[in-house]
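Enquirer: Would you mind keeping the following structure in view while I ask a few things?
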Amino acid sequence: KTREIFFNYVGHEFDYYAYREDVQQELNKSEYELKPGVLELFDWLKEKGVRIALASSTREVSVRKSLGHAGLTEYFDQIVCGDMVSHSKPHPEIFLTAAQRLNADPQDCYIIEDSYNGIRAAHAAGAHPIMVPDILQPDEEIRGLAEVVLPSLFEVKEYLEKQE
């Protein structure tokens, strides 16, 4: 789908594959900056025995490489990526698949998202969507779909502590 959109903008003469490879190499050179609070949240969840899944629309090879560079792979019990499912967010398939792989009912899952389509997908899956905005701030629709909007992962930990 990305290739189709790309070609619609720049035409078929442009070497999409070479460009994609150049971009990937540049991304691989950059350092991985963790969101503040991520390690505290993950450590707390693991102490509590909570199983954690990652559900990313990105391809598995890229996700695993990024997680490895950031030192986060060990935290995840399951990893579900965009090339493992048929439908992208806002379709709930990726979250339903992650819940199934955790042997969990989606209604018992909290999903932390920073994107509109992620919140839409989490809501459609029947889970508890938590938005931690990054670039996009939630609009009225997203505020209505999210269980809560929190400013950081530190506040997510506090919120989940209260849910116990």
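Residue numbering restarts at 1 in every chain; chains get A, B, ... in the order shown in the structure tokens, and ligands count up from 1 in that same order.
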Within 7 Å of region 82-97 of chain A, counting only C-alpha atoms, which residues show up once you throw out same-chain ones fewer than 4 positions away? Write them as a PyMOL selection string, please.
Expert: chain A and resi 55-60+101+106+117-118+120-122+124-125
Enquirer: Restricted to C-alpha atoms, what would the selected residues look like written as an mmCIF file, in the first residue's frame?
Expert:
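And here's out.cif as it stands now:
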```cif
data_model
loop_
_atom_site.group_PDB
_atom_site.id
_atom_site.type_symbol
_atom_site.label_atom_id
_atom_site.label_comp_id
_atom_site.auth_asym_id
_atom_site.auth_seq_id
_atom_site.Cartn_x
_atom_site.Cartn_y
_atom_site.Cartn_z
ATOM 1 C CA ALA A 55 1.280 -4.961 18.177
ATOM 2 C CA SER A 56 2.965 -2.821 15.529
ATOM 3 C CA SER A 57 1.908 -2.089 11.969
ATOM 4 C CA THR A 58 5.579 -2.136 10.994
ATOM 5 C CA ARG A 59 7.168 -5.210 9.384
ATOM 6 C CA GLU A 60 8.515 -7.833 11.790
ATOM 7 C CA ARG A 101 -1.480 -15.157 21.423
ATOM 8 C CA PRO A 106 -9.383 -8.473 24.623
ATOM 9 C CA ASN A 117 -5.770 4.583 14.138
ATOM 10 C CA GLY A 118 -4.270 2.682 17.049
ATOM 11 C CA ARG A 120 -9.630 3.278 16.866
ATOM 12 C CA ALA A 121 -8.351 -0.297 16.512
ATOM 13 C CA ALA A 122 -8.023 -0.824 20.279
ATOM 14 C CA ALA A 124 -12.889 -1.770 17.994
ATOM 15 C CA ALA A 125 -11.139 -4.770 19.601
#
```
Enquirer: Mind checking which residues fall within 10 Å of Asp105 (chain A), counting only C-alpha atoms, ignoring those fewer than 3 positions away in the same chain, and posting them as a ChimeraX atom specification?
Expert: /A:96,99-100,102,108-109,125-127
Enquirer: Given the selection you just returned, output its residues as a file containing N, CA and C atoms, formatted as a short mmCIF file (atom, residue, chain, number, x, y, z; two decimals), in the first residue's frame.
Expert:
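Wrote it out as part-v1.cif, contents follow:
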```
data_model
loop_
_atom_site.label_atom_id
_atom_site.label_comp_id
_atom_site.auth_asym_id
_atom_site.auth_seq_id
_atom_site.Cartn_x
_atom_site.Cartn_y
_atom_site.Cartn_z
N LEU A 96 -6.51 -8.10 18.27
CA LEU A 96 -7.19 -9.37 18.55
C LEU A 96 -6.21 -10.53 18.46
N ALA A 99 -3.95 -10.44 21.58
CA ALA A 99 -4.68 -10.96 22.75
C ALA A 99 -4.79 -12.48 22.68
N GLN A 100 -5.10 -12.99 21.50
CA GLN A 100 -5.23 -14.44 21.33
C GLN A 100 -3.90 -15.13 21.64
N LEU A 102 -1.66 -14.15 23.62
CA LEU A 102 -1.43 -14.07 25.06
C LEU A 102 -2.42 -14.93 25.85
N ASP A 108 -9.94 -7.69 28.67
CA ASP A 108 -9.05 -7.61 29.83
C ASP A 108 -7.72 -6.96 29.49
N CYS A 109 -7.56 -6.50 28.25
CA CYS A 109 -6.29 -5.93 27.79
C CYS A 109 -6.32 -4.41 27.78
N ALA A 125 -11.47 -3.44 19.08
CA ALA A 125 -11.14 -4.77 19.60
C ALA A 125 -11.85 -5.04 20.93
N GLY A 126 -12.45 -4.01 21.51
CA GLY A 126 -13.13 -4.17 22.78
C GLY A 126 -12.19 -4.11 23.97
N ALA A 127 -11.00 -3.57 23.76
CA ALA A 127 -9.99 -3.47 24.81
C ALA A 127 -10.12 -2.13 25.54
#
```
Enquirer: Which residue gives the smallest distance to Leu153 (chain A) among A:Lys35, A:Lys46, A:His69, A:His12, with only C-alpha atoms counted?
Expert: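 Nearest candidate to Leu153 (chain A) out of A:Lys35, A:Lys46, A:His69, A:His12: A:Lys35.
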Enquirer: Record the distance separating CA of Ile79 (chain A) and CA of Leu54 (chain A), expressed in Å with one decimal.
Expert: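 CA of Leu54 (chain A) lies at a distance of 4.8 Å from CA of Ile79 (chain A).
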Enquirer: Residues of region 36-154 of chain A classed as alpha helix (DSSP H) by DSSP on the backbone are to be reported as number ranges by chain.
Expert: A: 38-47, 60-70, 93-101, 116-124, 140-145, 153-154
Enquirer: Restricted to C-alpha atoms, what would the selected residues look like written as a compact mmCIF listing (two decimals), in the first residue's frame?
Expert:
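Listing of selection_1.txt after writing:
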```txt
# COMPACT_ATOMS: atom_id res chain seq x y z
CA VAL A 38 8.93 2.95 29.50
CA LEU A 39 11.44 0.95 31.54
CA GLU A 40 9.69 1.75 34.81
CA LEU A 41 6.34 0.68 33.32
CA PHE A 42 7.70 -2.53 31.79
CA ASP A 43 9.64 -3.49 34.93
CA TRP A 44 6.54 -2.92 37.08
CA LEU A 45 4.35 -4.97 34.72
CA LYS A 46 6.85 -7.83 34.72
CA GLU A 47 7.09 -7.72 38.55
CA GLU A 60 8.52 -7.83 11.79
CA VAL A 61 12.14 -7.58 10.69
CA SER A 62 12.17 -3.84 11.40
CA VAL A 63 10.36 -4.19 14.72
CA ARG A 64 12.71 -6.89 15.99
CA LYS A 65 15.76 -4.89 14.89
CA SER A 66 14.49 -1.75 16.66
CA LEU A 67 13.60 -3.64 19.82
CA GLY A 68 17.01 -5.29 19.83
CA HIS A 69 18.83 -1.98 19.44
CA ALA A 70 16.73 -0.47 22.23
CA GLU A 93 -7.14 -7.62 13.81
CA ILE A 94 -3.63 -6.91 15.10
CA PHE A 95 -4.86 -6.38 18.67
CA LEU A 96 -7.19 -9.37 18.55
CA THR A 97 -4.30 -11.51 17.33
CA ALA A 98 -2.02 -10.23 20.10
CA ALA A 99 -4.68 -10.96 22.75
CA GLN A 100 -5.23 -14.44 21.33
CA ARG A 101 -1.48 -15.16 21.42
CA TYR A 116 -5.50 7.84 16.08
CA ASN A 117 -5.77 4.58 14.14
CA GLY A 118 -4.27 2.68 17.05
CA ILE A 119 -6.92 4.06 19.42
CA ARG A 120 -9.63 3.28 16.87
CA ALA A 121 -8.35 -0.30 16.51
CA ALA A 122 -8.02 -0.82 20.28
CA HIS A 123 -11.57 0.43 20.81
CA ALA A 124 -12.89 -1.77 17.99
CA GLU A 140 -12.92 14.90 20.17
CA GLU A 141 -13.40 11.55 18.39
CA ILE A 142 -10.24 10.03 19.88
CA ARG A 143 -11.02 11.34 23.37
CA GLY A 144 -14.37 9.57 23.04
CA LEU A 145 -12.78 6.27 22.00
CA LEU A 153 4.10 6.45 30.54
CA PHE A 154 4.73 7.39 34.18
```
Enquirer: When you count only C-alpha atoms, which of these residues is closest to Leu160 (chain A): A:Leu72, A:Val50, A:Asp139, A:Asp134?
Expert: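 Nearest to Leu160 (chain A): A:Val50.
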Enquirer: For the atom pair CA of Ala146 (chain A) and CA of Gly37 (chain A), what is the interatomic distance in Å to one decimal place?
Expert: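 Straight-line distance from CA of Ala146 (chain A) to CA of Gly37 (chain A) works out to 20.1 Å.
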Enquirer: What residues in region 100-146 of chain A get the DSSP label strand (DSSP E)? Please answer as a list in words.
Expert: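 Everything in region 100-146 of chain A that counts as strand (DSSP E) is Tyr110, Ile111, Ile112, Glu113, His128, Pro129, Ile130 and Met131 of chain A.
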Enquirer: Pick from A:Ile130, A:Arg3, A:Arg51, A:Asp77: nearest to Tyr17 (chain A), with only C-alpha atoms counted?
Expert: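 Looking only at the distances to Tyr17 (chain A), the closest residue turns out to be A:Arg3.
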Enquirer: Which one of A:Ser115, A:Lys162, A:Val149, A:Thr2 sits closest to Arg20 (chain A) if you count only C-alpha atoms?
Expert: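 Smallest distance to Arg20 (chain A) is found for A:Thr2.
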